[in-house]
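Listing of data14.cif, mmCIF, C-alpha atoms
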```
data_data
#
loop_
_atom_site.label_atom_id
_atom_site.label_comp_id
_atom_site.auth_asym_id
_atom_site.auth_seq_id
_atom_site.Cartn_x
_atom_site.Cartn_y
_atom_site.Cartn_z
CA MET A 1 66.05 91.48 32.14
CA SER A 2 65.10 95.12 32.74
CA SER A 3 67.09 97.67 34.74
CA ILE A 4 65.21 98.75 37.86
CA LEU A 5 67.87 101.11 39.20
CA THR A 6 70.23 103.23 37.15
CA ALA A 7 72.64 105.73 38.69
CA ARG A 8 75.14 107.62 36.56
CA GLY A 9 77.97 109.94 37.57
CA LEU A 10 76.83 110.62 41.13
CA ARG A 11 78.97 113.22 42.85
CA LEU A 12 78.39 114.53 46.34
CA ALA A 13 80.64 116.53 48.63
CA MET A 14 79.98 117.26 52.29
CA GLY A 15 82.25 119.94 53.65
CA ASN A 16 85.77 119.07 52.56
CA GLN A 17 84.96 115.40 51.97
CA THR A 18 84.01 113.89 48.64
CA VAL A 19 81.46 111.26 49.63
CA LEU A 20 80.54 110.10 46.11
CA ASP A 21 82.91 110.54 43.18
CA GLU A 22 81.40 109.67 39.79
CA VAL A 23 79.50 106.67 41.15
CA ASP A 24 77.69 104.46 38.63
CA LEU A 25 75.33 101.63 39.56
CA THR A 26 72.83 99.56 37.60
CA VAL A 27 70.68 96.85 39.20
CA GLN A 28 68.36 94.54 37.31
CA ALA A 29 65.00 93.11 38.29
CA GLY A 30 65.56 90.00 40.40
CA GLU A 31 69.13 91.01 41.28
CA SER A 32 70.68 91.60 44.71
CA VAL A 33 73.67 93.86 45.32
CA ALA A 34 75.56 94.26 48.60
CA VAL A 35 77.60 97.41 49.27
CA ILE A 36 80.36 97.13 51.84
CA GLY A 37 82.89 99.64 53.12
CA PRO A 38 84.31 101.16 56.29
CA SER A 39 82.20 103.22 58.68
CA GLY A 40 81.81 106.75 57.40
CA SER A 41 82.50 105.78 53.80
CA GLY A 42 79.11 107.04 52.62
CA LYS A 43 77.12 103.83 52.23
CA THR A 44 74.00 105.23 53.89
CA THR A 45 74.38 108.48 51.95
CA LEU A 46 74.51 106.48 48.72
CA LEU A 47 71.23 104.75 49.62
CA SER A 48 69.71 108.13 50.43
CA CYS A 49 70.70 109.44 47.00
CA LEU A 50 69.23 106.36 45.31
CA ALA A 51 65.97 106.88 47.21
CA GLY A 52 65.81 110.58 46.40
CA LEU A 53 66.20 111.58 50.05
CA VAL A 54 69.45 113.39 49.27
CA GLU A 55 70.07 115.32 46.06
CA PRO A 56 73.59 114.72 44.65
CA ASP A 57 75.67 117.64 43.46
CA SER A 58 75.62 116.11 40.00
CA GLY A 59 74.64 112.90 38.25
CA GLU A 60 71.31 111.19 37.81
CA VAL A 61 69.24 108.39 39.31
CA SER A 62 66.21 106.64 37.86
CA VAL A 63 64.03 103.97 39.45
CA ALA A 64 61.77 101.82 37.29
CA GLY A 65 62.30 104.26 34.43
CA GLN A 66 61.33 107.31 36.52
CA PRO A 67 63.89 110.08 37.11
CA VAL A 68 64.58 110.66 40.79
CA THR A 69 67.13 113.46 40.49
CA SER A 70 66.35 116.96 39.24
CA VAL A 71 62.64 116.63 39.94
CA PRO A 72 60.61 118.46 42.62
CA LYS A 73 60.66 117.08 46.17
CA LYS A 74 56.99 116.20 45.95
CA ARG A 75 57.62 114.05 42.87
CA ARG A 76 60.57 112.33 44.56
CA ALA A 77 58.34 111.52 47.52
CA GLU A 78 55.70 110.06 45.20
CA ILE A 79 58.29 107.82 43.52
CA ARG A 80 59.62 106.65 46.90
CA LEU A 81 56.15 105.77 48.06
CA SER A 82 55.21 103.85 44.92
CA ALA A 83 58.49 102.33 43.69
CA VAL A 84 60.94 102.14 46.61
CA GLY A 85 60.82 100.11 49.81
CA PHE A 86 63.27 100.92 52.61
CA VAL A 87 64.39 98.66 55.47
CA TYR A 88 66.35 100.44 58.19
CA GLN A 89 68.84 99.08 60.72
CA PHE A 90 66.45 99.44 63.65
CA GLY A 91 63.23 98.78 61.75
CA GLU A 92 61.94 102.31 62.44
CA LEU A 93 58.47 101.04 63.29
CA LEU A 94 55.99 103.27 65.10
CA PRO A 95 55.77 101.69 68.57
CA GLU A 96 52.30 103.07 69.28
CA LEU A 97 50.87 101.13 66.31
CA THR A 98 50.25 97.42 65.90
CA VAL A 99 52.19 95.24 63.46
CA LEU A 100 49.32 95.39 60.97
CA GLU A 101 48.96 99.16 61.30
CA ASN A 102 52.69 99.68 60.69
CA VAL A 103 52.54 97.57 57.54
CA LEU A 104 49.42 99.32 56.29
CA LEU A 105 50.71 102.86 56.76
CA PRO A 106 52.62 103.33 53.46
CA ALA A 107 49.69 101.94 51.48
CA LEU A 108 47.25 104.34 53.11
CA LEU A 109 49.65 107.25 52.56
CA ALA A 110 49.77 106.26 48.89
CA GLY A 111 45.99 106.45 48.70
CA ARG A 112 45.29 102.75 48.25
CA PRO A 113 41.76 101.66 49.25
CA ARG A 114 41.82 100.40 52.84
CA ALA A 115 40.21 97.05 52.00
CA SER A 116 42.71 96.12 49.29
CA ALA A 117 45.61 97.44 51.37
CA ARG A 118 44.51 95.32 54.31
CA ASP A 119 44.26 92.24 52.09
CA ARG A 120 47.78 92.88 50.80
CA ALA A 121 49.12 93.43 54.33
CA THR A 122 47.46 90.27 55.62
CA THR A 123 48.95 88.25 52.77
CA LEU A 124 52.43 89.62 53.48
CA LEU A 125 52.19 88.98 57.20
CA ASP A 126 51.14 85.41 56.53
CA ARG A 127 53.99 84.91 54.06
CA LEU A 128 56.53 86.31 56.54
CA ASP A 129 55.23 84.17 59.45
CA LEU A 130 53.78 87.21 61.23
CA ALA A 131 50.06 86.49 60.91
CA GLY A 132 49.74 85.69 64.61
CA LEU A 133 51.32 89.03 65.54
CA ALA A 134 49.09 91.32 63.45
CA ASP A 135 47.41 92.90 66.48
CA ARG A 136 50.50 93.00 68.69
CA SER A 137 52.06 96.33 69.58
CA ALA A 138 55.26 96.98 67.62
CA ALA A 139 56.85 98.09 70.90
CA VAL A 140 57.09 94.52 72.23
CA LEU A 141 58.49 92.75 69.15
CA SER A 142 61.78 90.87 69.18
CA GLY A 143 64.54 92.05 66.87
CA GLY A 144 63.75 89.42 64.25
CA GLU A 145 60.01 90.11 64.40
CA ARG A 146 60.67 93.84 64.10
CA GLN A 147 62.77 93.43 60.96
CA ARG A 148 60.32 91.03 59.33
CA THR A 149 57.58 93.58 60.01
CA ALA A 150 59.78 96.25 58.43
CA VAL A 151 60.20 94.05 55.36
CA ALA A 152 56.43 93.57 55.09
CA ARG A 153 55.97 97.34 55.34
CA ALA A 154 58.61 97.88 52.63
CA LEU A 155 56.76 95.47 50.32
CA ILE A 156 53.22 96.75 50.86
CA ASN A 157 53.21 99.02 47.79
CA GLU A 158 54.87 96.38 45.57
CA PRO A 159 58.07 98.39 45.03
CA ALA A 160 60.42 97.79 42.14
CA LEU A 161 63.44 98.63 44.32
CA LEU A 162 64.25 97.59 47.89
CA LEU A 163 66.95 99.42 49.82
CA ALA A 164 68.24 97.98 53.10
CA ASP A 165 70.55 99.92 55.42
CA GLU A 166 72.45 97.57 57.77
CA PRO A 167 69.27 95.52 58.23
CA THR A 168 71.00 92.90 60.41
CA GLY A 169 73.33 95.30 62.23
CA ALA A 170 71.17 95.63 65.36
CA LEU A 171 70.06 92.00 65.56
CA ASP A 172 71.12 89.32 67.99
CA PRO A 173 73.23 86.70 66.17
CA ALA A 174 70.35 84.21 66.40
CA TYR A 175 68.24 86.39 64.09
CA VAL A 176 70.85 87.42 61.50
CA ASP A 177 70.61 84.35 59.28
CA SER A 178 66.81 84.27 59.16
CA VAL A 179 66.52 87.96 58.29
CA ALA A 180 69.30 87.69 55.70
CA ASP A 181 67.61 84.62 54.19
CA LEU A 182 64.38 86.59 53.93
CA LEU A 183 65.93 89.69 52.36
CA PHE A 184 67.87 87.84 49.69
CA SER A 185 64.85 85.73 48.77
CA LEU A 186 62.84 88.86 47.91
CA PRO A 187 64.35 89.64 44.46
CA VAL A 188 63.63 86.08 43.36
CA ASP A 189 60.17 85.86 44.91
CA PHE A 190 58.94 89.36 44.01
CA GLY A 191 61.03 90.28 40.96
CA CYS A 192 62.34 93.46 42.58
CA ALA A 193 65.91 94.75 42.80
CA LEU A 194 67.69 94.77 46.17
CA VAL A 195 70.55 97.04 47.25
CA LEU A 196 71.80 96.31 50.76
CA VAL A 197 74.61 97.97 52.69
CA THR A 198 76.30 96.01 55.45
CA HIS A 199 79.45 95.60 57.52
CA ASN A 200 78.77 91.87 57.78
CA THR A 201 80.77 90.05 55.10
CA ALA A 202 78.83 86.82 55.68
CA VAL A 203 75.61 88.68 54.85
CA ALA A 204 77.22 90.41 51.85
CA ARG A 205 78.31 87.08 50.38
CA ARG A 206 74.67 86.11 49.91
CA ALA A 207 74.26 88.84 47.27
CA LYS A 208 74.59 88.22 43.56
CA ARG A 209 77.13 91.06 43.36
CA CYS A 210 79.29 92.78 45.97
CA LEU A 211 80.55 96.35 45.67
CA SER A 212 82.91 98.31 47.89
CA LEU A 213 82.54 102.04 48.58
CA SER A 214 85.78 103.70 49.61
CA ASP A 215 87.09 107.24 49.11
CA GLY A 216 83.94 108.05 47.16
CA THR A 217 84.51 105.31 44.59
CA LEU A 218 82.27 102.28 44.10
CA THR A 219 84.07 99.20 42.77
CA GLU A 220 83.05 95.58 42.24
CA VAL A 221 84.72 93.08 44.55
CA ALA A 222 84.55 89.35 45.11
CA CYS A 223 81.74 88.37 47.47
#
```
Once you've parsed the file, please lay out its structure as structure tokens.
Amino acid sequence: MSSILTARGLRLAMGNQTVLDEVDLTVQAGESVAVIGPSGSGKTTLLSCLAGLVEPDSGEVSVAGQPVTSVPKKRRAEIRLSAVGFVYQFGELLPELTVLENVLLPALLAGRPRASARDRATTLLDRLDLAGLADRSAAVLSGGERQRTAVARALINEPALLLADEPTGALDPAYVDSVADLLFSLPVDFGCALVLVTHNTAVARRAKRCLSLSDGTLTEVAC
């Protein structure tokens, strides 16, 4: 099984706080990893480093064999667009667009032909039980519908790596299980790697591996 994500020796300080202290992480294709830890421990910052949104003080990250650290910002953005899908806590959809338009946006930004991008988006919406909502405004979606749309958008460019930042944290309890079921099915169904950060231990236990981030150190723990 091939390594999709490799991070080695990540160090990052913010002010007087060491957020990441020699953090190593490897995630294989088809594998899911949950990162837990107290608020303010740096879980979101870790995801940002893995996605190339934040440059660590030292260390290296590669995604699908492509270096993410120590490359120009434009190159990092290209890698994010082609190889990384991101699901945020609040979905971060554009409310003025429809469900279909939100899902299509990353593909169009990546320069994919509109016809093939639309076919891919339609297939994803159907697979995620959103086909009937394609023309609905994102502004009126329920929490569960919003997050499923965010997942479809994250998958549109067939990323090797999915990153999810507290994806169930803003959901009503009725939606948590269905969204968690969906997220943890993705590595198996699509062959990608999933790294998810969460405060919810019940969600974390669904992952193949659980890691804890505390005092800048990432350690494996029992799920």
Handout entry: Expansion of the PyMOL selection byres ((chain A and resi 96) around 8) into residues, as a list in words
Key =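 With the shown file as input, the PyMOL selection byres ((chain A and resi 96) around 8) matches Leu94, Pro95, Leu97, Thr98, Ser137, Ala138 and Ala139 of chain A.
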Explicit residues for the PyMOL selection byres ((chain A and resi 154) around 12) (as a PDB file with C-alpha atoms, keeping the file's coordinate frame):
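Just written: part-v7.pdb:
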```pdb
ATOM      1  CA  ARG A  80      59.620 106.650  46.900  1.00  0.00           C
ATOM      2  CA  LEU A  81      56.150 105.770  48.060  1.00  0.00           C
ATOM      3  CA  SER A  82      55.210 103.850  44.920  1.00  0.00           C
ATOM      4  CA  ALA A  83      58.490 102.330  43.690  1.00  0.00           C
ATOM      5  CA  VAL A  84      60.940 102.140  46.610  1.00  0.00           C
ATOM      6  CA  GLY A  85      60.820 100.110  49.810  1.00  0.00           C
ATOM      7  CA  PHE A  86      63.270 100.920  52.610  1.00  0.00           C
ATOM      8  CA  VAL A  87      64.390  98.660  55.470  1.00  0.00           C
ATOM      9  CA  TYR A  88      66.350 100.440  58.190  1.00  0.00           C
ATOM     10  CA  GLY A  91      63.230  98.780  61.750  1.00  0.00           C
ATOM     11  CA  GLU A  92      61.940 102.310  62.440  1.00  0.00           C
ATOM     12  CA  LEU A  93      58.470 101.040  63.290  1.00  0.00           C
ATOM     13  CA  ASN A 102      52.690  99.680  60.690  1.00  0.00           C
ATOM     14  CA  VAL A 103      52.540  97.570  57.540  1.00  0.00           C
ATOM     15  CA  LEU A 104      49.420  99.320  56.290  1.00  0.00           C
ATOM     16  CA  LEU A 105      50.710 102.860  56.760  1.00  0.00           C
ATOM     17  CA  PRO A 106      52.620 103.330  53.460  1.00  0.00           C
ATOM     18  CA  ALA A 107      49.690 101.940  51.480  1.00  0.00           C
ATOM     19  CA  ALA A 121      49.120  93.430  54.330  1.00  0.00           C
ATOM     20  CA  LEU A 124      52.430  89.620  53.480  1.00  0.00           C
ATOM     21  CA  LEU A 125      52.190  88.980  57.200  1.00  0.00           C
ATOM     22  CA  GLN A 147      62.770  93.430  60.960  1.00  0.00           C
ATOM     23  CA  ARG A 148      60.320  91.030  59.330  1.00  0.00           C
ATOM     24  CA  THR A 149      57.580  93.580  60.010  1.00  0.00           C
ATOM     25  CA  ALA A 150      59.780  96.250  58.430  1.00  0.00           C
ATOM     26  CA  VAL A 151      60.200  94.050  55.360  1.00  0.00           C
ATOM     27  CA  ALA A 152      56.430  93.570  55.090  1.00  0.00           C
ATOM     28  CA  ARG A 153      55.970  97.340  55.340  1.00  0.00           C
ATOM     29  CA  LEU A 155      56.760  95.470  50.320  1.00  0.00           C
ATOM     30  CA  ILE A 156      53.220  96.750  50.860  1.00  0.00           C
ATOM     31  CA  ASN A 157      53.210  99.020  47.790  1.00  0.00           C
ATOM     32  CA  GLU A 158      54.870  96.380  45.570  1.00  0.00           C
ATOM     33  CA  PRO A 159      58.070  98.390  45.030  1.00  0.00           C
ATOM     34  CA  ALA A 160      60.420  97.790  42.140  1.00  0.00           C
ATOM     35  CA  LEU A 161      63.440  98.630  44.320  1.00  0.00           C
ATOM     36  CA  LEU A 162      64.250  97.590  47.890  1.00  0.00           C
ATOM     37  CA  LEU A 163      66.950  99.420  49.820  1.00  0.00           C
ATOM     38  CA  ALA A 164      68.240  97.980  53.100  1.00  0.00           C
ATOM     39  CA  LEU A 183      65.930  89.690  52.360  1.00  0.00           C
ATOM     40  CA  LEU A 186      62.840  88.860  47.910  1.00  0.00           C
ATOM     41  CA  CYS A 192      62.340  93.460  42.580  1.00  0.00           C
ATOM     42  CA  LEU A 194      67.690  94.770  46.170  1.00  0.00           C
TER      43      LEU A 194
END
```
Exercise for the section: Would you kindly identify which residues have an atom no farther than 12 Å from (67.6, 97.8, 37.8), using only C-alpha atoms and the file's own coordinates, and write them out as a PyMOL selection string? Expected result: chain A and resi 1-7+25-33+50+61-66+83-84+159-162+187+191-195
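Minimum atom-to-atom distances from A:Val23, A:Val188, A:Ala180, A:Arg120 to Asn200 (chain A) were compared using all atoms listed in the file, and the lowest value belongs to A:Ala180.
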Practice task
Name all residues at most 10 Å from Thr69 (chain A) (count only C-alpha atoms; drop same-chain ones fewer than 5 positions away) and give them as a PyMOL selection string.
Solution key: chain A and resi 7+49-62+75-76
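Across the model, the gap from CA of Pro167 (chain A) to CA of Gln89 (chain A) is 4.4 Å.
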Problem - Computed interatomic separation between CA of Leu196 (chain A) and CA of Ala222 (chain A) (Å) - result: 15.6 Å
Exercise for the section: Mind giving me the straight-line distance from CA of Asp165 (chain A) to CA of Leu213 (chain A) in Å, one decimal? Expected result: 14.0 Å
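Residues having any atom no farther than 8 Å from (50.7, 92.9, 64.2) (counting all atoms listed in the file) are Thr98, Val99, Leu100, Glu101, Asn102, Leu130, Ala131, Gly132, Leu133, Ala134, Asp135, Arg136, Ser137 and Ala138 of chain A.
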Create the file for the chosen residues now, containing C-alpha atoms and written as a short mmCIF file (atom, residue, chain, number, x, y, z; two decimals), in the frame of the given file.
```cif
data_model
loop_
_atom_site.label_atom_id
_atom_site.label_comp_id
_atom_site.auth_asym_id
_atom_site.auth_seq_id
_atom_site.Cartn_x
_atom_site.Cartn_y
_atom_site.Cartn_z
CA THR A 98 50.25 97.42 65.90
CA VAL A 99 52.19 95.24 63.46
CA LEU A 100 49.32 95.39 60.97
CA GLU A 101 48.96 99.16 61.30
CA ASN A 102 52.69 99.68 60.69
CA LEU A 130 53.78 87.21 61.23
CA ALA A 131 50.06 86.49 60.91
CA GLY A 132 49.74 85.69 64.61
CA LEU A 133 51.32 89.03 65.54
CA ALA A 134 49.09 91.32 63.45
CA ASP A 135 47.41 92.90 66.48
CA ARG A 136 50.50 93.00 68.69
CA SER A 137 52.06 96.33 69.58
CA ALA A 138 55.26 96.98 67.62
#
```
Handout entry: Result set, the PyMOL selection byres ((chain A and resi 40) around 12) on current file, as a ChimeraX atom specification
Key = /A:14,17-20,36-39,41-46,199,213-216
Six-sided padding of 8 Å per side, axis-aligned box over region 111-117 of chain A, centre and edges in Å, one decimal, as lines of an AutoDock Vina configuration file:
```
center_x = 43.1
center_y = 101.3
center_z = 50.5
size_x = 21.8
size_y = 26.3
size_z = 20.6
```
Practice task
Could you check which of A:Glu166, A:Asp24, A:Asp119, A:Asp172 is closest to Glu145 (chain A), using all atoms listed in the file?
Solution key: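 The shortest atom-to-atom distance to Glu145 (chain A) comes from A:Asp172.
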Problem - Nearest-residue call for Val35 (chain A), choices A:Ala202, A:Val71, A:Val197, A:Leu218, using all atoms listed in the file - result: A:Val197
Practice task
Find the spatial neighbours of Val176 (chain A), counting all atoms listed in the file, within a cut-off of 9 Å - ignore same-chain residues fewer than 5 positions away - and output them as a PyMOL selection string.
Solution key: chain A and resi 144+167-169+171+181+203
Kindly save the residues from that selection, with C-alpha atoms included, as a PDB file, keeping the file's coordinate frame.
```
ATOM      1  CA  GLY A 144      63.750  89.420  64.250  1.00  0.00           C
ATOM      2  CA  PRO A 167      69.270  95.520  58.230  1.00  0.00           C
ATOM      3  CA  THR A 168      71.000  92.900  60.410  1.00  0.00           C
ATOM      4  CA  GLY A 169      73.330  95.300  62.230  1.00  0.00           C
ATOM      5  CA  LEU A 171      70.060  92.000  65.560  1.00  0.00           C
ATOM      6  CA  ASP A 181      67.610  84.620  54.190  1.00  0.00           C
ATOM      7  CA  VAL A 203      75.610  88.680  54.850  1.00  0.00           C
TER       8      VAL A 203
END
```
